[in-house]
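A.B. asks: Please read through the structure below; I'll follow up with questions.
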Amino acid sequence: MTARAADRARYDRATAQLDAPVAIVDLDAFDANADDLLRRAGGKPVRVASKSVRCRALLERVLAREGFAGIMSFTLAESLWLARSGFDDVLLAYPSADRAGYAELAADPKLAAAVTVMVDDPAQLDLIDAARAGGGEVVRVCLELDTALKLLGGRVRIGARRSPLHSPAQVAEVARAVVRRPGFRLVGIMAYEGHVAGVGDAVAGRPLRSRAVRLMQAAARRELAERRAAVVRAVREVVPDLEFVNGGGTGSVQHTAAEDTVTEIAAGSGLYVPRLFDNYTSFRGRPAALFALPVVRRPGVGVVTVLGGGYPASGAPGADRLPVPYLPEGLRYDPQEGAGEVQTPLLGPVADDLLIGDKVWFRHAKAGELCERFDTLHLVEGDAVTAAVPTYRGEGHTFL
């Protein structure tokens, strides 16, 4: 029996009394992935990206481990909810226009002490001030650095379009704007190199593309390490007691941790290891989050149909954004139908071994987005479900 076949047998036994659709997290794999993130971080603390987990119980589990510290959140409403729930170090990774949230933040000493907001434009400070509604608490601020690699005088850009702050002078200018502004305190710098951390460099069947990605990422790492160090020096001239410099992502943990100026690493997808993180030369994780759909039809030889399945991930549309049939091995989509809203045909000789009611296990393309489809995660240890915990959606929250 292969390792994957053994996993399928375990998951089927563990969920035998549960009707599909059902989502699980294999805690043995989850914990092993957490160990791997810490190993690659080389002693620097790992801040957990909540958008890749979206489950309070699992955030608590990983943050109870030595080496993990703090949360990187994705909306202000989520940040406030987490802070009210007892998480005392929440870095909001994206600027917000949530005026009601800012009013709540500025009026509550506990929330203001726990939550740090993201800024890359003085206009965002104006919005926060206009939203205070009389709240006088000091708002903690982090500045985001644009990590994109710019070539040919800026005519070629590689990297996500995030912050407009690219040069040390630009970041220092906004740092001075924060320092001059009453009611704000600049505490950190963040730089997420998504073109390194979130792009696989070993794509199966595409050796030339993989080689090109590795060359691009090597150049991007060198350029960013030099520029990030210069940015930190420039900002420390304005704010000598800067608390943290955050960088990285699951795919670049060890590279970013090697930079002296970076004080903490951000990562989250590496805990669940969705399918987009299969194609890296630098690490191998264990799939920890899966979902099962039930076989409801057998239309013919070599075909079964499962209920639901149209759970695409965000990003540029493409086949790589679809969940992948994982267990049993050997199933594939019908190219004319793909993953459907209410049913999904699956092809392959192994389909003939599946009966009505059997489970087919899938891996989502991305990590936390799976939790927007399920209100409960069943936690598997060995071949048993040992707990059932709510996702964000299961707690009644749809933050984004």
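Note on naming: chains are A, B, ... as they come in the structure tokens, residues start from 1 per chain, ligands start from 1 in the order shown.
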Might you pull out every residue within 6 Å of segment 175-184 of chain A, with only C-alpha atoms counted and same-chain residues fewer than 5 positions away left off, and present them as a PyMOL selection string?
C.D. replies: chain A and resi 138-140
A.B. asks: Those same residues - all heavy atoms - I'd like them written as a CSV table (one decimal), in the first residue's frame.
C.D. replies:
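This went into selection-v2.csv:
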chain,number,residue,atom,x,y,z
A,138,VAL,N,-3.9,55.8,20.8
A,138,VAL,CA,-2.9,55.9,19.8
A,138,VAL,C,-3.0,54.6,19.0
A,138,VAL,O,-3.1,53.5,19.5
A,138,VAL,CB,-1.5,55.9,20.5
A,138,VAL,CG1,-0.4,55.8,19.4
A,138,VAL,CG2,-1.3,57.2,21.2
A,139,VAL,N,-3.0,54.8,17.6
A,139,VAL,CA,-3.1,53.7,16.7
A,139,VAL,C,-1.7,53.3,16.3
A,139,VAL,O,-0.9,54.1,15.8
A,139,VAL,CB,-3.9,54.1,15.5
A,139,VAL,CG1,-3.9,53.0,14.4
A,139,VAL,CG2,-5.3,54.5,15.9
A,140,ARG,N,-1.4,52.0,16.4
A,140,ARG,CA,-0.1,51.4,16.0
A,140,ARG,C,-0.1,51.2,14.5
A,140,ARG,O,-1.1,50.7,13.9
A,140,ARG,CB,0.1,50.1,16.7
A,140,ARG,CG,0.3,50.2,18.2
A,140,ARG,CD,0.2,48.8,18.9
A,140,ARG,NE,1.1,47.8,18.3
A,140,ARG,CZ,2.3,47.6,18.6
A,140,ARG,NH1,2.9,48.4,19.6
A,140,ARG,NH2,3.1,46.7,18.0
A.B. asks: Quick one: residues within 10 Å of Asp19 of chain A, only C-alpha atoms counted, chain neighbours fewer than 2 positions away excluded, as a list in words?
C.D. replies: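 Everything that qualifies: Thr15, Ala16, Gln17, Pro21, Val22, Ala292, Leu293, Pro294, Gly357, Asp358 and Lys359 of chain A.
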A.B. asks: Distance atom CA of Tyr94 of chain A-atom CA of Ser79 of chain A, one decimal place?
C.D. replies: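 Here the two named atoms are 11.0 Å from each other.
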A.B. asks: Restricting the calculation to only C-alpha atoms, which member of A:Leu346, A:Ala288, A:Leu322, A:Leu59 is positioned closest to Val303 of chain A?
C.D. replies: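 Nearest candidate to Val303 of chain A out of A:Leu346, A:Ala288, A:Leu322, A:Leu59: A:Leu346.
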A.B. asks: To one decimal place in Å, what is the distance between atom CA of Thr261 of chain A and atom CA of Val119 of chain A?
C.D. replies: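 That distance, rounded to one decimal, is 20.1 Å.
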A.B. asks: Using only C-alpha atoms, find the one residue out of A:Leu152, A:Asn33, A:Tyr192, A:Asp108 that sits nearest to Ala133 of chain A.
C.D. replies: A:Asp108
A.B. asks: Using DSSP on the backbone coordinates, identify the residues of segment 86-213 of chain A assigned to alpha helix (DSSP H); present them as a ChimeraX atom specification.
C.D. replies: /A:99-107,109-114,122-131,168-180,194-197,207-213
A.B. asks: Write the residues of the selection above to a file with C-alpha atoms, as a compact mmCIF listing (two decimals), in the first residue's frame.
C.D. replies:
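Done, and the output landed in selection-v7.txt:
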# COMPACT_ATOMS: atom_id res chain seq x y z
CA ARG A 99 -14.49 53.49 9.35
CA ALA A 100 -16.59 51.76 12.00
CA GLY A 101 -13.69 49.45 12.76
CA TYR A 102 -11.27 52.35 13.16
CA ALA A 103 -13.71 54.10 15.51
CA GLU A 104 -13.85 50.96 17.64
CA LEU A 105 -10.06 50.59 17.58
CA ALA A 106 -9.41 54.20 18.60
CA ALA A 107 -11.90 54.01 21.46
CA PRO A 109 -7.27 50.67 24.94
CA LYS A 110 -7.11 46.87 24.75
CA LEU A 111 -7.77 46.77 21.02
CA ALA A 112 -5.40 49.65 20.32
CA ALA A 113 -2.61 47.85 22.18
CA ALA A 114 -3.18 44.54 20.37
CA PRO A 122 -0.75 59.49 4.26
CA ALA A 123 -4.30 59.57 2.91
CA GLN A 124 -4.93 56.42 4.95
CA LEU A 125 -3.98 58.35 8.08
CA ASP A 126 -6.56 60.99 7.10
CA LEU A 127 -9.22 58.30 6.81
CA ILE A 128 -8.36 56.87 10.23
CA ASP A 129 -8.45 60.30 11.87
CA ALA A 130 -11.78 61.11 10.25
CA ALA A 131 -13.20 57.83 11.56
CA PRO A 168 14.08 53.91 0.97
CA ALA A 169 13.35 57.61 0.46
CA GLN A 170 9.66 56.94 -0.20
CA VAL A 171 9.26 54.77 2.89
CA ALA A 172 11.16 57.24 5.08
CA GLU A 173 8.95 60.07 3.86
CA VAL A 174 5.79 58.29 4.96
CA ALA A 175 7.51 57.31 8.22
CA ARG A 176 8.08 61.00 8.92
CA ALA A 177 4.41 61.71 8.11
CA VAL A 178 3.34 59.13 10.72
CA VAL A 179 5.74 60.46 13.36
CA ARG A 180 4.52 64.04 12.85
CA GLY A 194 4.94 37.05 -3.15
CA HIS A 195 6.82 36.45 -6.41
CA VAL A 196 9.31 34.40 -4.35
CA ALA A 197 7.19 33.05 -1.50
CA PRO A 207 11.61 22.42 -16.84
CA LEU A 208 12.33 25.60 -18.81
CA ARG A 209 9.70 27.61 -16.95
CA SER A 210 10.97 26.23 -13.65
CA ARG A 211 14.53 27.24 -14.50
CA ALA A 212 13.36 30.73 -15.46
CA VAL A 213 11.45 31.06 -12.18
A.B. asks: Need to verify the contact set: Ala6 of chain A, 12 Å, only C-alpha atoms, exclusion of same-chain residues closer than 6 positions in sequence. Can you return it as a ChimeraX atom specification?
C.D. replies: /A:12-13,327-329,382-383
A.B. asks: Can you tell me which residues surround segment 223-239 of chain A at a distance of at most 10 Å, considering only C-alpha atoms, apart from same-chain residues fewer than 2 positions away, and format the answer as a PyMOL selection string?
C.D. replies: chain A and resi 143+145-150+166-176+178-179+185-191+193+217-221+241-245+247+255-256+258-262
A.B. asks: How many Å separate atom CA of Gly248 of chain A from atom CA of Arg47 of chain A?
C.D. replies: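 Pair atom CA of Gly248 of chain A / atom CA of Arg47 of chain A returns 10.0 Å.
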A.B. asks: Which of these, A:Cys371, A:Ile356, A:Ala313, A:Val295, has the shortest distance to Gln343 of chain A once you count only C-alpha atoms?
C.D. replies: A:Val295
A.B. asks: Within 7 Å of Val117 of chain A, counting only C-alpha atoms, which residues show up once you throw out same-chain ones fewer than 2 positions away? Write them as number ranges by chain, please.
C.D. replies: A: 91-92, 95, 115, 119, 140-142
A.B. asks: Name the closest residue to Leu379 of chain A among the candidates A:Phe68, A:Tyr326, A:Phe74, A:Phe291; distances are taken between atoms, counting only C-alpha atoms.
C.D. replies: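 The answer is A:Phe291, which sits nearest to Leu379 of chain A.
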A.B. asks: When DSSP works through the backbone of this structure, what residues of segment 271-360 of chain A end up as strand (DSSP E or B), shown as JSON, numbers by chain?
C.D. replies: {"A": [289, 290, 291, 292, 293, 294, 295, 296, 297, 298, 299, 300, 303, 304, 305, 306, 307, 324, 325, 326, 327, 332, 333, 343, 344, 345, 346, 347, 359, 360]}
